[in-house]
Every structure is written in structure tokens, then in C-alpha cells.
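Structure data (PDB, C-alpha atoms and all ligand atoms) from target-v7.pdb:
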ATOM      1  CA  MET A 317     -67.130  43.383  22.584
ATOM      2  CA  ALA A 318     -66.152  43.741  18.941
ATOM      3  CA  SER A 319     -62.537  42.929  18.107
ATOM      4  CA  ILE A 320     -61.017  45.894  16.326
ATOM      5  CA  ALA A 321     -57.587  45.832  14.706
ATOM      6  CA  VAL A 322     -55.465  48.447  13.067
ATOM      7  CA  CYS A 323     -53.347  47.380  10.089
ATOM      8  CA  PRO A 324     -50.770  50.171   9.758
ATOM      9  CA  GLY A 325     -48.212  50.866   7.097
ATOM     10  CA  SER A 326     -46.793  53.204   4.504
ATOM     11  CA  PHE A 327     -48.603  51.384   1.661
ATOM     12  CA  ASP A 328     -46.540  53.199  -0.983
ATOM     13  CA  PRO A 329     -48.259  51.608  -2.834
ATOM     14  CA  ILE A 330     -50.406  48.709  -1.588
ATOM     15  CA  THR A 331     -49.287  45.318  -2.978
ATOM     16  CA  TYR A 332     -50.842  41.855  -3.158
ATOM     17  CA  GLY A 333     -48.733  41.050  -0.069
ATOM     18  CA  HIS A 334     -50.516  43.742   1.969
ATOM     19  CA  LEU A 335     -53.860  42.735   0.522
ATOM     20  CA  ASP A 336     -53.321  39.121   1.560
ATOM     21  CA  ILE A 337     -52.781  40.183   5.185
ATOM     22  CA  ILE A 338     -55.779  42.556   5.116
ATOM     23  CA  ARG A 339     -58.042  39.880   3.625
ATOM     24  CA  ARG A 340     -57.000  37.292   6.198
ATOM     25  CA  GLY A 341     -57.155  39.837   9.040
ATOM     26  CA  ALA A 342     -60.697  40.766   8.047
ATOM     27  CA  LYS A 343     -61.710  37.137   8.693
ATOM     28  CA  VAL A 344     -60.226  37.137  12.186
ATOM     29  CA  PHE A 345     -61.220  40.592  13.465
ATOM     30  CA  ASP A 346     -64.677  42.167  13.434
ATOM     31  CA  LYS A 347     -63.283  45.381  12.032
ATOM     32  CA  VAL A 348     -59.910  46.247  10.485
ATOM     33  CA  TYR A 349     -58.751  49.827  10.044
ATOM     34  CA  VAL A 350     -56.107  50.018   7.333
ATOM     35  CA  VAL A 351     -54.282  53.191   8.233
ATOM     36  CA  VAL A 352     -51.650  55.073   6.256
ATOM     37  CA  LEU A 353     -49.053  56.443   8.636
ATOM     38  CA  ASN A 354     -45.852  58.345   8.231
ATOM     39  CA  ASN A 355     -42.624  56.335   8.348
ATOM     40  CA  SER A 356     -39.968  58.988   8.886
ATOM     41  CA  ALA A 357     -37.313  56.742   7.303
ATOM     42  CA  LYS A 358     -39.123  56.716   3.934
ATOM     43  CA  HIS A 359     -39.726  59.217   1.114
ATOM     44  CA  PRO A 360     -43.041  58.225  -0.425
ATOM     45  CA  LEU A 361     -43.746  58.185  -4.156
ATOM     46  CA  PHE A 362     -47.521  58.507  -3.737
ATOM     47  CA  SER A 363     -49.249  61.233  -1.714
ATOM     48  CA  VAL A 364     -51.288  60.111   1.280
ATOM     49  CA  SER A 365     -54.552  60.759  -0.572
ATOM     50  CA  GLU A 366     -53.359  58.764  -3.605
ATOM     51  CA  ARG A 367     -52.418  55.853  -1.336
ATOM     52  CA  ILE A 368     -55.774  56.058   0.442
ATOM     53  CA  ASP A 369     -57.669  56.049  -2.877
ATOM     54  CA  LEU A 370     -55.779  52.959  -4.051
ATOM     55  CA  ILE A 371     -56.340  51.089  -0.786
ATOM     56  CA  LYS A 372     -60.061  51.984  -0.834
ATOM     57  CA  GLU A 373     -60.376  50.760  -4.394
ATOM     58  CA  VAL A 374     -58.722  47.391  -3.777
ATOM     59  CA  THR A 375     -60.392  46.679  -0.414
ATOM     60  CA  LYS A 376     -63.919  47.721  -1.407
ATOM     61  CA  GLU A 377     -65.093  44.090  -1.432
ATOM     62  CA  PHE A 378     -64.380  43.727   2.309
ATOM     63  CA  PRO A 379     -67.278  45.268   4.273
ATOM     64  CA  ASN A 380     -65.441  45.265   7.625
ATOM     65  CA  VAL A 381     -62.308  46.988   6.314
ATOM     66  CA  LEU A 382     -62.078  50.763   6.742
ATOM     67  CA  VAL A 383     -59.341  52.978   5.333
ATOM     68  CA  ASP A 384     -57.902  55.985   7.100
ATOM     69  CA  GLU A 385     -54.811  58.134   7.552
ATOM     70  CA  PHE A 386     -53.086  59.490  10.627
ATOM     71  CA  SER A 387     -50.071  61.680  11.156
ATOM     72  CA  GLY A 388     -49.257  60.886  14.804
ATOM     73  CA  LEU A 389     -48.353  57.810  16.798
ATOM     74  CA  LEU A 390     -49.915  54.511  15.812
ATOM     75  CA  VAL A 391     -50.972  53.732  19.392
ATOM     76  CA  ASP A 392     -52.831  57.068  19.586
ATOM     77  CA  TYR A 393     -54.690  56.212  16.423
ATOM     78  CA  ALA A 394     -55.509  52.746  17.796
ATOM     79  CA  LYS A 395     -56.942  54.305  20.952
ATOM     80  CA  SER A 396     -59.033  56.787  18.954
ATOM     81  CA  VAL A 397     -60.858  53.935  17.157
ATOM     82  CA  ASN A 398     -61.008  51.619  20.222
ATOM     83  CA  ALA A 399     -58.679  49.096  18.604
ATOM     84  CA  THR A 400     -56.982  46.631  20.922
ATOM     85  CA  ALA A 401     -54.889  44.964  18.222
ATOM     86  CA  ILE A 402     -52.236  45.948  15.711
ATOM     87  CA  LEU A 403     -51.967  43.622  12.726
ATOM     88  CA  ARG A 404     -48.702  43.285  10.800
ATOM     89  CA  GLY A 405     -47.466  40.903   8.144
ATOM     90  CA  LEU A 406     -44.156  39.113   8.616
ATOM     91  CA  ARG A 407     -42.293  38.044   5.491
ATOM     92  CA  ALA A 408     -38.940  36.641   6.482
ATOM     93  CA  VAL A 409     -36.385  36.550   9.268
ATOM     94  CA  SER A 410     -35.062  39.854   7.918
ATOM     95  CA  ASP A 411     -38.308  41.575   9.013
ATOM     96  CA  PHE A 412     -37.991  40.287  12.534
ATOM     97  CA  GLU A 413     -35.622  42.814  14.090
ATOM     98  CA  TYR A 414     -37.499  45.835  12.722
ATOM     99  CA  GLU A 415     -40.882  44.426  13.750
ATOM    100  CA  MET A 416     -39.558  43.522  17.197
ATOM    101  CA  GLN A 417     -38.389  47.090  17.632
ATOM    102  CA  ILE A 418     -41.647  48.770  16.640
ATOM    103  CA  THR A 419     -43.721  46.220  18.570
ATOM    104  CA  SER A 420     -41.683  46.843  21.725
ATOM    105  CA  MET A 421     -41.960  50.601  21.275
ATOM    106  CA  ASN A 422     -45.708  50.414  20.752
ATOM    107  CA  ARG A 423     -46.062  48.235  23.844
ATOM    108  CA  TYR A 424     -43.969  50.689  25.837
ATOM    109  CA  LEU A 425     -46.250  53.522  24.655
ATOM    110  CA  ASN A 426     -49.502  51.649  25.300
ATOM    111  CA  ASP A 427     -49.557  48.120  26.694
ATOM    112  CA  HIS A 428     -53.307  47.792  26.180
ATOM    113  CA  VAL A 429     -52.746  47.349  22.463
ATOM    114  CA  GLU A 430     -51.406  43.937  21.449
ATOM    115  CA  THR A 431     -49.513  43.334  18.183
ATOM    116  CA  PHE A 432     -50.415  40.277  16.083
ATOM    117  CA  PHE A 433     -48.355  38.951  13.191
ATOM    118  CA  MET A 434     -49.487  36.924  10.236
ATOM    119  CA  MET A 435     -46.920  35.126   8.116
ATOM    120  CA  THR A 436     -47.146  36.417   4.584
ATOM    121  CA  ASN A 437     -48.297  33.916   2.019
ATOM    122  CA  ASN A 438     -45.187  32.203   0.563
ATOM    123  CA  GLN A 439     -45.858  33.553  -2.895
ATOM    124  CA  TYR A 440     -45.444  37.120  -1.557
ATOM    125  CA  SER A 441     -42.574  36.554   0.870
ATOM    126  CA  PHE A 442     -40.135  38.452  -1.370
ATOM    127  CA  LEU A 443     -42.536  41.316  -2.051
ATOM    128  CA  SER A 444     -42.244  44.894  -0.823
ATOM    129  CA  SER A 445     -43.545  48.221  -2.100
ATOM    130  CA  SER A 446     -39.938  49.338  -2.627
ATOM    131  CA  ILE A 447     -39.017  46.376  -4.804
ATOM    132  CA  VAL A 448     -42.229  46.760  -6.828
ATOM    133  CA  LYS A 449     -41.406  50.442  -7.450
ATOM    134  CA  GLU A 450     -37.893  49.501  -8.548
ATOM    135  CA  VAL A 451     -39.228  46.976 -11.082
ATOM    136  CA  ALA A 452     -41.982  49.344 -12.293
ATOM    137  CA  LYS A 453     -39.460  52.141 -12.788
ATOM    138  CA  TYR A 454     -37.531  50.011 -15.286
ATOM    139  CA  ASN A 455     -40.671  48.746 -16.997
ATOM    140  CA  GLY A 456     -40.582  45.217 -15.549
ATOM    141  CA  ASP A 457     -43.680  43.051 -15.260
ATOM    142  CA  ILE A 458     -45.451  43.728 -11.939
ATOM    143  CA  SER A 459     -48.860  42.367 -12.928
ATOM    144  CA  ALA A 460     -48.686  39.450 -10.461
ATOM    145  CA  LEU A 461     -47.481  41.672  -7.622
ATOM    146  CA  VAL A 462     -50.026  44.495  -7.422
ATOM    147  CA  PRO A 463     -53.687  44.937  -8.391
ATOM    148  CA  PRO A 464     -54.278  46.329 -11.925
ATOM    149  CA  VAL A 465     -55.261  49.798 -10.652
ATOM    150  CA  VAL A 466     -51.988  50.056  -8.709
ATOM    151  CA  GLU A 467     -50.015  48.868 -11.749
ATOM    152  CA  ARG A 468     -51.685  51.599 -13.828
ATOM    153  CA  GLU A 469     -50.879  54.334 -11.306
ATOM    154  CA  LEU A 470     -47.265  53.160 -10.979
ATOM    155  CA  LYS A 471     -46.845  53.276 -14.760
ATOM    156  CA  LYS A 472     -48.221  56.826 -14.778
ATOM    157  CA  LYS A 473     -45.781  57.882 -12.063
ATOM    158  CA  TYR A 474     -42.854  56.569 -14.073
ATOM    159  CA  GLY A 475     -44.193  57.916 -17.371
ATOM    160  CA  LYS A 476     -44.643  54.468 -18.957
TER     161      LYS A 476
HETATM  162  O1  LIG B 501     -45.066  49.940   6.023
HETATM  163  P1  LIG B 501     -44.045  50.406   7.032
HETATM  164  O2  LIG B 501     -43.292  51.608   6.484
HETATM  165  O3  LIG B 501     -43.127  49.307   7.486
HETATM  166  O4  LIG B 501     -44.874  50.888   8.314
HETATM  167  C1  LIG B 501     -44.231  51.470   9.425
HETATM  168  C2  LIG B 501     -45.235  52.263  10.258
HETATM  169  C3  LIG B 501     -45.877  53.348   9.396
HETATM  170  C4  LIG B 501     -46.303  51.316  10.778
HETATM  171  C5  LIG B 501     -44.470  52.895  11.467
HETATM  172  O5  LIG B 501     -43.440  53.696  10.971
HETATM  173  C6  LIG B 501     -45.402  53.714  12.349
HETATM  174  O6  LIG B 501     -46.148  53.166  13.134
HETATM  175  N1  LIG B 501     -45.362  55.053  12.196
HETATM  176  C7  LIG B 501     -46.191  55.962  12.968
HETATM  177  C8  LIG B 501     -45.381  56.647  14.074
HETATM  178  C9  LIG B 501     -45.244  55.748  15.302
HETATM  179  O7  LIG B 501     -46.213  55.360  15.928
HETATM  180  N2  LIG B 501     -43.976  55.441  15.664
HETATM  181  C10 LIG B 501     -43.716  54.634  16.868
HETATM  182  C11 LIG B 501     -43.569  53.158  16.578
HETATM  183  S1  LIG B 501     -42.184  52.868  15.542
END
Would you write the structure of this file as C-alpha cells?
Amino acid sequence: MASIAVCPGSFDPITYGHLDIIRRGAKVFDKVYVVVLNNSAKHPLFSVSERIDLIKEVTKEFPNVLVDEFSGLLVDYAKSVNATAILRGLRAVSDFEYEMQITSMNRYLNDHVETFFMMTNNQYSFLSSSIVKEVAKYNGDISALVPPVVERELKKKYGK
């Protein structure tokens, strides 16, 4: 049976930190669905279709990575694509409590789907979409943090 994982997130926008997890996940699982979901605690800068387009562009070299969106529960999406794994990146101890909470909730909702964590590459351990947006907004250098196409779109958003 093929191993299918879902790599969920807000991806607002995708960073090299996300890409590192997706790239490594694509080596471990037969198929990885990168899915843009709604995080009700966040107010996104990019529309869902803009985020999808950026993710598609930067993951096009990975043949077993598919990009999708969903507006319901992550576990329902996982079931709809026969995924038995959820893949998340873990940056630092500060991520732990939040990840523990969503992992426990997802397990409560569907205990047939197992969550797997990959430690983010050290060079990206400080990286988040929010911090990249903050730096981009004030014209800081984000070239080592996001792919060029994402950098371009961020500059457009902030009128740079
Ligand atoms: O990149 P993020 O914002 O940390 O990702 C969080 C996300 C989108 C994976 C999470 O909010 C989510 O799964 N949302 C979908 C709704 C859901 O399933 N909620 C129950 C588990 S918290």
C-alpha cells in the first residue's frame, strides 16, 4: 500500500523552511499532499489561490508532491485522499505546545491518521511566514528565506 501523507499549513506564504520539510517528506512518503487550510487564528496576506500558485511553482520539481486546498477539518481532508499520515515541521521548543495540541485534537477526531514531525533544518529554525512578512514589509533582505518568486510577490504586496 502506498504511503500517503498530508503536509498541512497556512503557507502565507511558503518559505524555505516549509520547502525543506516538503522536500524531505517527499523522500519518505510515496505521495505528499501539500494542503492549504484555514487557520482561524490568522488573517492571511495572500489569497488561497495565490498561495496555491506559489506552492505549485516552487514544488514543481517534486513529482510525488501534489498541491491542494481545503476549507474543513484536516482529518477529513486526509481521509478524502486516503492519507494515513500528517507531516509537520518542528522548529523549536516554542512550537511544541501548539503542535501537541493540534496533534491531540487530530488524533481525537481520527485515530487512524498518525502525525509525524521532522525537525526543521537548523538554518531555518528561526523562520516563519509571519517573520518573513514583517521583514519584507520594511524592505529587509529576505532572499535567503524564500524562493525568488515568493520574494517577488511579497514585494508586490508591500508596494516595493
Ligand atoms: O501553518 P499553520 O497556520 O500552523 O497551520 C495550522 C493548520 C492550518 C494546519 C491548522 O490550523 C488546521 O489543521 N486547520 C484546519 C482545521 C482543523 O482541522 N482544525 C482541527 C485541528 S487544530
Stretch 354-360 of chain A environment, 8 Å, all atoms listed in the file, sequence neighbours closer than 3 positions dropped, as a list in words = Gly325, Ser326, Asp328, Ser363, Phe386, Ser387 and Gly388 of chain A
Selection: 12 Å around A:Val462, all atoms listed in the file, excl. self and same-chain fewer than 2 positions, as a PyMOL selection string = chain A and resi 327-336+370-371+374+440+443-445+447-449+451-452+457-460+464-471
With distances taken over only C-alpha atoms, the candidate from A:Val383, A:Gln439, A:Ala394, A:Lys473 nearest A:Leu461 is A:Gln439
Quick one: 5 Å padding each side, axis-aligned, all listed atoms of ligand LIG 501 (chain B) - centre and edge lengths in Å to one decimal, as lines of an AutoDock Vina configuration file?
center_x = -44.2
center_y = 53.0
center_z = 11.4
size_x = 14.1
size_y = 17.3
size_z = 20.8
Could you state the separation of atom CA of A:Leu389 and atom S1 of ligand LIG 501 (chain B) in Å, given to one decimal place?
-> 8.0 Å
When the PyMOL selection byres (((chain A and resi 399-402) around 7) and not hetatm) is applied to the file above, which residues end up in the set, as an MDAnalysis selection string?
-> chainID A and resid 320:323 394:395 397:398 403:404 428:432
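Here atom CA of A:Asp427 and atom C8 of ligand LIG 501 (chain B) stand 15.8 Å from one another.
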Cut-off 7 Å around (-62.2, 43.0, 17.0) with only C-alpha atoms: residues as number ranges by chain | A: 318-321, 345-347
Please, could all heavy atoms be added to stretch 327-338 of chain A and the result written as a PDB file, in the coordinates of the input?
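Below is the file selection.pdb, written as the result:
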ATOM      1  N   PHE A 327     -47.780  51.743   2.830  1.00  0.00           N
ATOM      2  CA  PHE A 327     -48.603  51.384   1.661  1.00  0.00           C
ATOM      3  C   PHE A 327     -48.259  52.256   0.446  1.00  0.00           C
ATOM      4  O   PHE A 327     -49.145  52.867  -0.152  1.00  0.00           O
ATOM      5  CB  PHE A 327     -50.096  51.486   1.981  1.00  0.00           C
ATOM      6  CG  PHE A 327     -50.543  50.619   3.116  1.00  0.00           C
ATOM      7  CD1 PHE A 327     -50.839  51.162   4.366  1.00  0.00           C
ATOM      8  CD2 PHE A 327     -50.657  49.248   2.953  1.00  0.00           C
ATOM      9  CE1 PHE A 327     -51.243  50.359   5.427  1.00  0.00           C
ATOM     10  CE2 PHE A 327     -51.071  48.435   4.001  1.00  0.00           C
ATOM     11  CZ  PHE A 327     -51.359  48.998   5.246  1.00  0.00           C
ATOM     12  N   ASP A 328     -46.985  52.296   0.101  1.00  0.00           N
ATOM     13  CA  ASP A 328     -46.540  53.199  -0.983  1.00  0.00           C
ATOM     14  C   ASP A 328     -45.983  52.436  -2.175  1.00  0.00           C
ATOM     15  O   ASP A 328     -44.770  52.477  -2.417  1.00  0.00           O
ATOM     16  CB  ASP A 328     -45.493  54.159  -0.406  1.00  0.00           C
ATOM     17  CG  ASP A 328     -45.051  55.189  -1.421  1.00  0.00           C
ATOM     18  OD1 ASP A 328     -45.936  55.744  -2.091  1.00  0.00           O
ATOM     19  OD2 ASP A 328     -43.843  55.431  -1.559  1.00  0.00           O
ATOM     20  N   PRO A 329     -46.818  51.767  -2.943  1.00  0.00           N
ATOM     21  CA  PRO A 329     -48.259  51.608  -2.834  1.00  0.00           C
ATOM     22  C   PRO A 329     -48.616  50.239  -2.234  1.00  0.00           C
ATOM     23  O   PRO A 329     -47.731  49.423  -1.967  1.00  0.00           O
ATOM     24  CB  PRO A 329     -48.697  51.634  -4.311  1.00  0.00           C
ATOM     25  CG  PRO A 329     -47.575  50.909  -5.007  1.00  0.00           C
ATOM     26  CD  PRO A 329     -46.319  51.236  -4.245  1.00  0.00           C
ATOM     27  N   ILE A 330     -49.921  50.010  -2.078  1.00  0.00           N
ATOM     28  CA  ILE A 330     -50.406  48.709  -1.588  1.00  0.00           C
ATOM     29  C   ILE A 330     -50.057  47.616  -2.618  1.00  0.00           C
ATOM     30  O   ILE A 330     -50.141  47.844  -3.834  1.00  0.00           O
ATOM     31  CB  ILE A 330     -51.921  48.770  -1.290  1.00  0.00           C
ATOM     32  CG1 ILE A 330     -52.379  47.485  -0.591  1.00  0.00           C
ATOM     33  CG2 ILE A 330     -52.758  49.055  -2.536  1.00  0.00           C
ATOM     34  CD1 ILE A 330     -53.724  47.603   0.114  1.00  0.00           C
ATOM     35  N   THR A 331     -49.642  46.453  -2.110  1.00  0.00           N
ATOM     36  CA  THR A 331     -49.287  45.318  -2.978  1.00  0.00           C
ATOM     37  C   THR A 331     -50.215  44.132  -2.660  1.00  0.00           C
ATOM     38  O   THR A 331     -50.960  44.169  -1.671  1.00  0.00           O
ATOM     39  CB  THR A 331     -47.842  44.847  -2.717  1.00  0.00           C
ATOM     40  OG1 THR A 331     -47.797  44.285  -1.401  1.00  0.00           O
ATOM     41  CG2 THR A 331     -46.849  45.981  -2.836  1.00  0.00           C
ATOM     42  N   TYR A 332     -50.079  43.076  -3.458  1.00  0.00           N
ATOM     43  CA  TYR A 332     -50.842  41.855  -3.158  1.00  0.00           C
ATOM     44  C   TYR A 332     -50.417  41.260  -1.809  1.00  0.00           C
ATOM     45  O   TYR A 332     -51.189  40.559  -1.173  1.00  0.00           O
ATOM     46  CB  TYR A 332     -50.661  40.821  -4.267  1.00  0.00           C
ATOM     47  CG  TYR A 332     -51.572  41.032  -5.468  1.00  0.00           C
ATOM     48  CD1 TYR A 332     -51.093  40.829  -6.758  1.00  0.00           C
ATOM     49  CD2 TYR A 332     -52.905  41.407  -5.309  1.00  0.00           C
ATOM     50  CE1 TYR A 332     -51.923  41.010  -7.871  1.00  0.00           C
ATOM     51  CE2 TYR A 332     -53.733  41.595  -6.410  1.00  0.00           C
ATOM     52  CZ  TYR A 332     -53.235  41.396  -7.679  1.00  0.00           C
ATOM     53  OH  TYR A 332     -54.065  41.579  -8.768  1.00  0.00           O
ATOM     54  N   GLY A 333     -49.181  41.533  -1.381  1.00  0.00           N
ATOM     55  CA  GLY A 333     -48.733  41.050  -0.069  1.00  0.00           C
ATOM     56  C   GLY A 333     -49.535  41.706   1.055  1.00  0.00           C
ATOM     57  O   GLY A 333     -50.026  41.036   1.968  1.00  0.00           O
ATOM     58  N   HIS A 334     -49.697  43.033   0.979  1.00  0.00           N
ATOM     59  CA  HIS A 334     -50.516  43.742   1.969  1.00  0.00           C
ATOM     60  C   HIS A 334     -51.959  43.216   1.932  1.00  0.00           C
ATOM     61  O   HIS A 334     -52.589  42.969   2.961  1.00  0.00           O
ATOM     62  CB  HIS A 334     -50.596  45.246   1.643  1.00  0.00           C
ATOM     63  CG  HIS A 334     -49.311  45.997   1.763  1.00  0.00           C
ATOM     64  ND1 HIS A 334     -48.778  46.728   0.735  1.00  0.00           N
ATOM     65  CD2 HIS A 334     -48.465  46.154   2.810  1.00  0.00           C
ATOM     66  CE1 HIS A 334     -47.653  47.315   1.131  1.00  0.00           C
ATOM     67  NE2 HIS A 334     -47.432  46.964   2.382  1.00  0.00           N
ATOM     68  N   LEU A 335     -52.456  43.106   0.705  1.00  0.00           N
ATOM     69  CA  LEU A 335     -53.860  42.735   0.522  1.00  0.00           C
ATOM     70  C   LEU A 335     -54.160  41.358   1.117  1.00  0.00           C
ATOM     71  O   LEU A 335     -55.231  41.127   1.688  1.00  0.00           O
ATOM     72  CB  LEU A 335     -54.164  42.758  -0.983  1.00  0.00           C
ATOM     73  CG  LEU A 335     -55.590  43.052  -1.405  1.00  0.00           C
ATOM     74  CD1 LEU A 335     -56.179  44.254  -0.710  1.00  0.00           C
ATOM     75  CD2 LEU A 335     -55.630  43.255  -2.923  1.00  0.00           C
ATOM     76  N   ASP A 336     -53.182  40.471   1.002  1.00  0.00           N
ATOM     77  CA  ASP A 336     -53.321  39.121   1.560  1.00  0.00           C
ATOM     78  C   ASP A 336     -53.492  39.196   3.092  1.00  0.00           C
ATOM     79  O   ASP A 336     -54.356  38.523   3.665  1.00  0.00           O
ATOM     80  CB  ASP A 336     -52.072  38.323   1.171  1.00  0.00           C
ATOM     81  CG  ASP A 336     -52.037  36.949   1.789  1.00  0.00           C
ATOM     82  OD1 ASP A 336     -53.017  36.199   1.622  1.00  0.00           O
ATOM     83  OD2 ASP A 336     -51.026  36.619   2.453  1.00  0.00           O
ATOM     84  N   ILE A 337     -52.685  40.036   3.727  1.00  0.00           N
ATOM     85  CA  ILE A 337     -52.781  40.183   5.185  1.00  0.00           C
ATOM     86  C   ILE A 337     -54.116  40.829   5.568  1.00  0.00           C
ATOM     87  O   ILE A 337     -54.788  40.397   6.511  1.00  0.00           O
ATOM     88  CB  ILE A 337     -51.590  41.042   5.726  1.00  0.00           C
ATOM     89  CG1 ILE A 337     -50.246  40.362   5.429  1.00  0.00           C
ATOM     90  CG2 ILE A 337     -51.749  41.331   7.215  1.00  0.00           C
ATOM     91  CD1 ILE A 337     -50.012  39.026   6.109  1.00  0.00           C
ATOM     92  N   ILE A 338     -54.518  41.857   4.817  1.00  0.00           N
ATOM     93  CA  ILE A 338     -55.779  42.556   5.116  1.00  0.00           C
ATOM     94  C   ILE A 338     -56.966  41.596   4.971  1.00  0.00           C
ATOM     95  O   ILE A 338     -57.843  41.524   5.831  1.00  0.00           O
ATOM     96  CB  ILE A 338     -55.954  43.788   4.185  1.00  0.00           C
ATOM     97  CG1 ILE A 338     -54.860  44.826   4.486  1.00  0.00           C
ATOM     98  CG2 ILE A 338     -57.345  44.403   4.342  1.00  0.00           C
ATOM     99  CD1 ILE A 338     -54.717  45.917   3.418  1.00  0.00           C
TER     100      ILE A 338
END
